[in-house]
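Peer 1: For reference, the file start_2.txt (compact mmCIF, C-alpha atoms) is included below:
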```txt
# COMPACT_ATOMS: atom_id res chain seq x y z
CA MET A 1 9.34 10.65 2.32
CA TYR A 2 7.05 12.27 -0.29
CA LEU A 3 4.31 9.68 0.31
CA ALA A 4 4.58 10.06 4.10
CA ILE A 5 4.20 13.85 3.90
CA ILE A 6 1.21 13.53 1.56
CA LEU A 7 -0.48 10.96 3.83
CA LEU A 8 0.06 13.15 6.88
CA LEU A 9 -1.16 16.39 5.30
CA MET A 10 -4.00 14.94 3.24
CA LEU A 11 -5.40 12.22 5.50
CA VAL A 12 -3.97 11.64 8.98
CA LEU A 13 -3.72 15.20 10.32
CA PRO A 14 -7.02 16.51 8.90
CA LEU A 15 -9.00 13.45 10.02
CA GLY A 16 -7.29 13.47 13.41
CA SER A 17 -8.11 17.17 13.83
CA VAL A 18 -11.77 16.63 12.86
CA VAL A 19 -12.12 13.74 15.33
CA ALA A 20 -10.32 15.59 18.13
CA GLN A 21 -12.37 18.76 17.78
CA ALA A 22 -15.64 16.85 17.32
CA HIS A 23 -15.01 14.94 20.57
CA SER A 24 -14.10 18.09 22.47
CA SER A 25 -17.32 19.91 21.59
CA ALA A 26 -20.78 18.39 21.93
CA ASP A 27 -22.32 20.88 19.48
CA ALA A 28 -19.57 20.64 16.83
CA ASN A 29 -20.74 21.03 13.25
CA LEU A 30 -19.12 18.07 11.48
CA VAL A 31 -19.47 19.62 8.02
CA PHE A 32 -17.70 22.79 9.14
CA LEU A 33 -14.96 20.78 10.86
CA ILE A 34 -14.30 18.79 7.68
CA GLY A 35 -13.98 22.02 5.73
CA LYS A 36 -11.90 23.76 8.36
CA TRP A 37 -9.35 21.01 8.82
CA PHE A 38 -9.04 19.75 5.24
CA VAL A 39 -8.63 23.34 4.05
CA PHE A 40 -6.02 24.05 6.73
CA TRP A 41 -3.94 20.87 6.33
CA GLY A 42 -4.67 19.83 2.72
CA VAL A 43 -4.92 23.16 0.96
CA GLY A 44 -2.95 25.35 3.36
CA LEU A 45 -0.01 23.42 4.68
CA ARG A 46 0.28 20.99 1.77
CA LEU A 47 0.55 23.81 -0.74
CA LEU A 48 2.88 25.81 1.52
CA VAL A 49 5.23 22.82 1.77
CA ALA A 50 4.97 22.20 -1.98
CA SER A 51 5.53 25.88 -2.77
CA LEU A 52 8.68 26.08 -0.67
CA LYS A 53 10.04 22.98 -2.39
CA GLN A 54 9.14 24.42 -5.82
CA ILE A 55 10.64 27.83 -5.08
CA ILE A 56 13.83 26.60 -3.36
CA ASN A 57 14.41 23.39 -5.35
CA PRO A 58 12.37 23.55 -8.56
CA ALA A 59 14.33 20.63 -10.07
CA PHE A 60 12.58 18.21 -7.68
CA THR A 61 9.12 19.00 -9.06
CA ALA A 62 10.32 19.32 -12.65
CA GLU A 63 12.15 15.99 -12.61
CA THR A 64 10.27 13.73 -10.15
CA ILE A 65 6.70 14.83 -10.82
CA PHE A 66 6.80 15.94 -14.47
CA GLY A 67 9.88 14.09 -15.76
CA VAL A 68 11.35 17.29 -17.23
CA THR A 69 15.13 17.68 -17.04
CA ASP A 70 15.48 20.86 -19.12
CA HIS A 71 16.80 23.62 -16.86
CA LYS A 72 14.64 26.14 -18.73
CA ALA A 73 11.62 24.66 -16.94
CA LEU A 74 12.92 25.59 -13.48
CA SER A 75 11.72 29.20 -13.61
CA LEU A 76 8.24 27.97 -14.61
CA VAL A 77 8.19 25.58 -11.64
CA GLN A 78 9.19 28.46 -9.36
CA GLU A 79 6.28 30.51 -10.68
CA ILE A 80 3.96 27.56 -10.02
CA GLY A 81 5.44 27.65 -6.52
CA PHE A 82 4.43 31.30 -6.14
CA GLY A 83 0.84 30.40 -7.05
CA ASN A 84 0.88 27.47 -4.62
CA LEU A 85 2.27 29.78 -1.93
CA SER A 86 -0.65 32.17 -2.49
CA ILE A 87 -3.31 29.44 -2.34
CA GLY A 88 -1.58 27.80 0.61
CA MET A 89 -1.53 31.07 2.57
CA LEU A 90 -5.28 31.46 2.00
CA GLY A 91 -5.78 27.94 3.39
CA VAL A 92 -3.63 28.57 6.46
CA LEU A 93 -5.13 31.99 7.16
CA SER A 94 -8.64 30.51 6.99
CA PHE A 95 -7.82 28.90 10.35
CA PHE A 96 -7.77 32.40 11.86
CA GLU A 97 -10.66 33.78 9.81
CA PRO A 98 -13.45 31.16 9.56
CA GLN A 99 -15.27 33.15 6.85
CA TRP A 100 -12.35 32.34 4.54
CA VAL A 101 -12.87 28.56 4.73
CA VAL A 102 -15.42 28.47 1.89
CA PRO A 103 -13.38 30.67 -0.50
CA ALA A 104 -10.26 28.63 0.28
CA ALA A 105 -12.22 25.41 -0.25
CA ILE A 106 -13.54 26.63 -3.61
CA THR A 107 -10.03 27.63 -4.72
CA GLY A 108 -8.50 24.38 -3.47
CA CYS A 109 -11.28 22.26 -4.95
CA LEU A 110 -10.76 23.80 -8.38
CA PHE A 111 -6.98 23.55 -8.17
CA PHE A 112 -6.81 19.96 -6.94
CA GLY A 113 -9.62 18.79 -9.21
CA LEU A 114 -8.00 20.22 -12.33
CA ALA A 115 -4.50 19.05 -11.34
CA GLY A 116 -5.79 15.57 -10.50
CA LEU A 117 -7.69 15.34 -13.79
CA LYS A 118 -4.59 16.42 -15.72
CA HIS A 119 -2.51 13.72 -13.98
CA LEU A 120 -5.26 11.17 -14.65
CA LEU A 121 -5.41 11.90 -18.38
CA GLU A 122 -1.67 11.80 -18.98
CA PRO A 123 -0.21 8.42 -19.90
CA GLY A 124 2.95 6.98 -18.38
CA ARG A 125 2.66 8.17 -14.79
CA ASN A 126 5.64 7.55 -12.55
CA ARG A 127 5.18 6.76 -8.83
CA SER A 128 5.42 10.40 -7.72
CA ARG A 129 2.90 11.55 -10.30
CA ALA A 130 0.53 8.71 -9.33
CA ILE A 131 0.76 9.80 -5.68
CA ALA A 132 0.06 13.39 -6.73
CA MET A 133 -2.90 12.27 -8.85
CA VAL A 134 -4.52 10.19 -6.11
CA SER A 135 -3.98 12.82 -3.41
CA ASP A 136 -5.21 15.64 -5.67
CA LEU A 137 -8.39 13.75 -6.57
CA TRP A 138 -8.92 12.72 -2.92
CA LEU A 139 -8.80 16.32 -1.73
CA PHE A 140 -10.99 17.44 -4.63
CA PHE A 141 -13.71 14.97 -3.58
CA VAL A 142 -13.42 15.88 0.13
CA LEU A 143 -13.68 19.59 -0.64
CA ALA A 144 -16.52 19.05 -3.14
CA PHE A 145 -18.39 17.09 -0.45
CA TYR A 146 -17.76 19.85 2.08
CA LEU A 147 -18.88 22.62 -0.29
CA SER A 148 -22.01 20.71 -1.30
CA ALA A 149 -22.93 19.90 2.30
CA ALA A 150 -22.21 23.46 3.45
CA PHE A 151 -24.34 24.88 0.63
CA PHE A 152 -27.30 22.62 1.42
CA GLN A 153 -26.90 23.21 5.15
CA ASN A 154 -27.03 26.99 4.59
CA ALA A 155 -29.90 26.73 2.09
CA ARG A 156 -32.25 25.40 4.77
```
Could you spell out this file's structure in structure tokens?
Peer 2:
Amino acid sequence: MYLAIILLLMLVLPLGSVVAQAHSSADANLVFLIGKWFVFWGVGLRLLVASLKQIINPAFTAETIFGVTDHKALSLVQEIGFGNLSIGMLGVLSFFEPQWVVPAAITGCLFFGLAGLKHLLEPGRNRSRAIAMVSDLWLFFVLAFYLSAAFFQNAR
């Protein structure tokens, strides 16, 4: 179930949204569409889903992602959830305020890049952590591409 949700929110739905909107508008800016939809689905909805899971059931993240069974860690996971909720809301709200796409992309790019790097450098990854690592690094590279392309597009 975890892998299916990640694939939907990080690959299928954003790519499908980019393709659908690009085909519906002859003058669609592909760079903007990549930013818009990967920020909405990958940063926004993915982090909202994760935050709700972390706030409501912190043991899932503590145990399945980090391998921590100490109940003292649950309040820390909930606080991580509050941060994810904040970033996720920025991503979702950028759908309604296009000027927020770049700030949400910068925030998401930093978050997913650092989280992915941390997962990459830690030995003994379980399946859930490997999925988190790959999806975090994937979104980092997509957002870094978007931000670079948007910067060079605006610099002209």
Peer 1: Could you tell me how far atom CA of Leu114 of chain A sits from atom CA of Met1 of chain A, in Å to one decimal place?
Peer 2: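 Interatomic distance here is 24.6 Å.
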Peer 1: Fewer than 6 positions away in the same chain doesn't count, so skip those; otherwise give me all residues within 9 Å of His119 of chain A, counting only C-alpha atoms, as a PyMOL selection string.
Peer 2: chain A and resi 125+129-130+132-134+136
Peer 1: Determine the nearest neighbour of Tyr2 of chain A from the options A:Ala144, A:Val49, A:Met89, A:Ala73, counting only C-alpha atoms.
Peer 2: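 For Tyr2 of chain A, the nearest of the candidates is A:Val49.
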Peer 1: Can you pull out the residues contacting Met10 of chain A? Cut-off 10 Å, using only C-alpha atoms, and skip same-chain residues under 2 positions away; I want them as a ChimeraX atom specification.
Peer 2: /A:4-8,12-15,37-43,45-46,135-136,138-139,142
Peer 1: If you measure from atom CA of Asn57 of chain A to atom CA of Leu76 of chain A, what distance in Å do you get, rounded to one decimal?
Peer 2: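 It comes out at 12.0 Å.
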Peer 1: Quick one, how far is atom CA of Leu147 of chain A from atom CA of Gly88 of chain A?
Peer 2: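 These atoms are spaced 18.1 Å apart.
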Peer 1: Name the closest residue to Leu85 of chain A among the candidates A:Ile55, A:Ala26, A:Val18, A:Ile131; distances are taken between atoms, counting all atoms listed in the file.
Peer 2: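 Between A:Ile55, A:Ala26, A:Val18, A:Ile131, the residue approaching Leu85 of chain A most closely is A:Ile55.
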Peer 1: Have a look at A:Gly35, A:Val77, A:Val68, A:Ala59 and name the one nearest to Gln99 of chain A; count all atoms listed in the file.
Peer 2: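 Of the candidates, the smallest distance to Gln99 of chain A is held by A:Gly35.
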Peer 1: Which residues, written as a list in words, have at least one atom at most 9 Å from Phe82 of chain A, with only C-alpha atoms counted and residues fewer than 3 positions away on the same chain left out?
Peer 2: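 Contacts, in chain order: Ser51, Leu52, Gln54, Ile55, Val77, Gln78, Glu79, Leu85, Ser86 and Ile87 of chain A.
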Peer 1: Using all atoms listed in the file, which residues sit within 6 Å of Cys109 of chain A once same-chain residues fewer than 3 positions away are excluded, as a list in words?
Peer 2: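 What passes the distance filter is Ala105, Ile106, Phe112, Gly113, Phe140 and Leu143 of chain A.
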Peer 1: Of the candidates A:Val101, A:Ala150, A:Leu33, A:Leu3, which shows the shortest atom-to-atom distance to Ala20 of chain A, using only C-alpha atoms?
Peer 2: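 Counting only C-alpha atoms, the residue closest to Ala20 of chain A is A:Leu33.
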Peer 1: With distances taken over only C-alpha atoms, which of A:Gly108, A:Leu48, A:Gln21, A:Ala28 is nearest to Leu9 of chain A?
Peer 2: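 Distance minimum relative to Leu9 of chain A lands on A:Leu48.
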Peer 1: For Phe141 of chain A, which residue among A:Ile34, A:Leu93, A:Ile65, A:Ala50 is the nearest when counting all atoms listed in the file?
Peer 2: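 Answer, going by the shortest atom-to-atom distance: A:Ile34.
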Peer 1: For Gly67 of chain A, please output as a list in words all residues within 12 Å (counting only C-alpha atoms; exclusion window: fewer than 3 positions along the same chain).
Peer 2: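 In the requested form, the answer reads Ala59, Phe60, Thr61, Ala62, Glu63, Thr64, Asp70, His71, Ala73, Gly124, Arg125, Asn126, Arg127, Ser128 and Arg129 of chain A.
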